[in-house]
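Scroll down for the structure; my scribbles are underneath it.
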Amino acid sequence: MLPSILASRANLSNPSSPLLHAVASLIFASLFASFAERYHLDQGEQNLARYLLRLTSEERQMVKKHILSMAAALQATSKEAAKPKDAAPAKEPHALITDDEWAMVQMHRTAKAGSSAEDGSWDTGA
């Protein structure tokens, strides 16, 4: 009964009523203050939350999509930075000499097979 009396006296049934707007603002301020306190929001975080709450649903979806795109770009950059740099492949001993020189080494090793050069070293003749 009391709500109907207040509504009739303050014309709260009219959505554009200044009193209805003031009451709604007070309720929102109280709820928001409780929310900010519960989640330990600093002033910047509170301002951000208020900003987002003022946006339409479509605008919030656009903001969210943009933030997710930025996060994906940063994540891709982080993954690239975290990749180990391509280390130079270990060079085979023959990579430091020409193919012809390597062929001569192989022929020498084949000729020396069974001698003391079984460990892969070769005799320079010195």
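To be explicit about the labels: the chains of the structure tokens are called A, B, and onward in the order shown, and within each one the residues are counted from 1, while ligands get numbers from 1 in the order they are shown.
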- Query: Can you tell me, as a ChimeraX atom specification, what residues are no more than 12 Å from stretch 51-58 of chain A when counting only C-alpha atoms, ignoring any on the same chain fewer than 6 positions away?
  - Reply: /A:28,32,44-45,64-65
Can you write just those residues out, N, CA and C atoms, as a short mmCIF file (atom, residue, chain, number, x, y, z; two decimals), in the first residue's frame?
```
data_model
loop_
_atom_site.label_atom_id
_atom_site.label_comp_id
_atom_site.auth_asym_id
_atom_site.auth_seq_id
_atom_site.Cartn_x
_atom_site.Cartn_y
_atom_site.Cartn_z
N PHE A 28 21.35 3.45 -7.38
CA PHE A 28 22.53 3.05 -8.16
C PHE A 28 23.80 3.43 -7.43
N PHE A 32 26.49 0.78 -6.28
CA PHE A 32 27.82 0.87 -6.87
C PHE A 32 28.88 1.05 -5.78
N GLY A 44 40.08 4.87 -10.48
CA GLY A 44 40.16 4.61 -11.92
C GLY A 44 39.30 3.43 -12.33
N GLU A 45 39.32 2.37 -11.54
CA GLU A 45 38.49 1.20 -11.83
C GLU A 45 37.00 1.53 -11.71
N LYS A 64 34.46 -4.86 -25.95
CA LYS A 64 34.98 -6.19 -25.59
C LYS A 64 35.72 -6.82 -26.77
N LYS A 65 35.14 -6.73 -27.97
CA LYS A 65 35.78 -7.29 -29.15
C LYS A 65 37.14 -6.62 -29.41
#
```
- Exercise: A:Leu48 partners within 12 Å, only C-alpha atoms, chain neighbours under 6 positions left out, as a list of chain:residue names: A:Ala36, A:Leu41, A:Asp42, A:Arg54, A:Leu55, A:Arg60, A:Val63
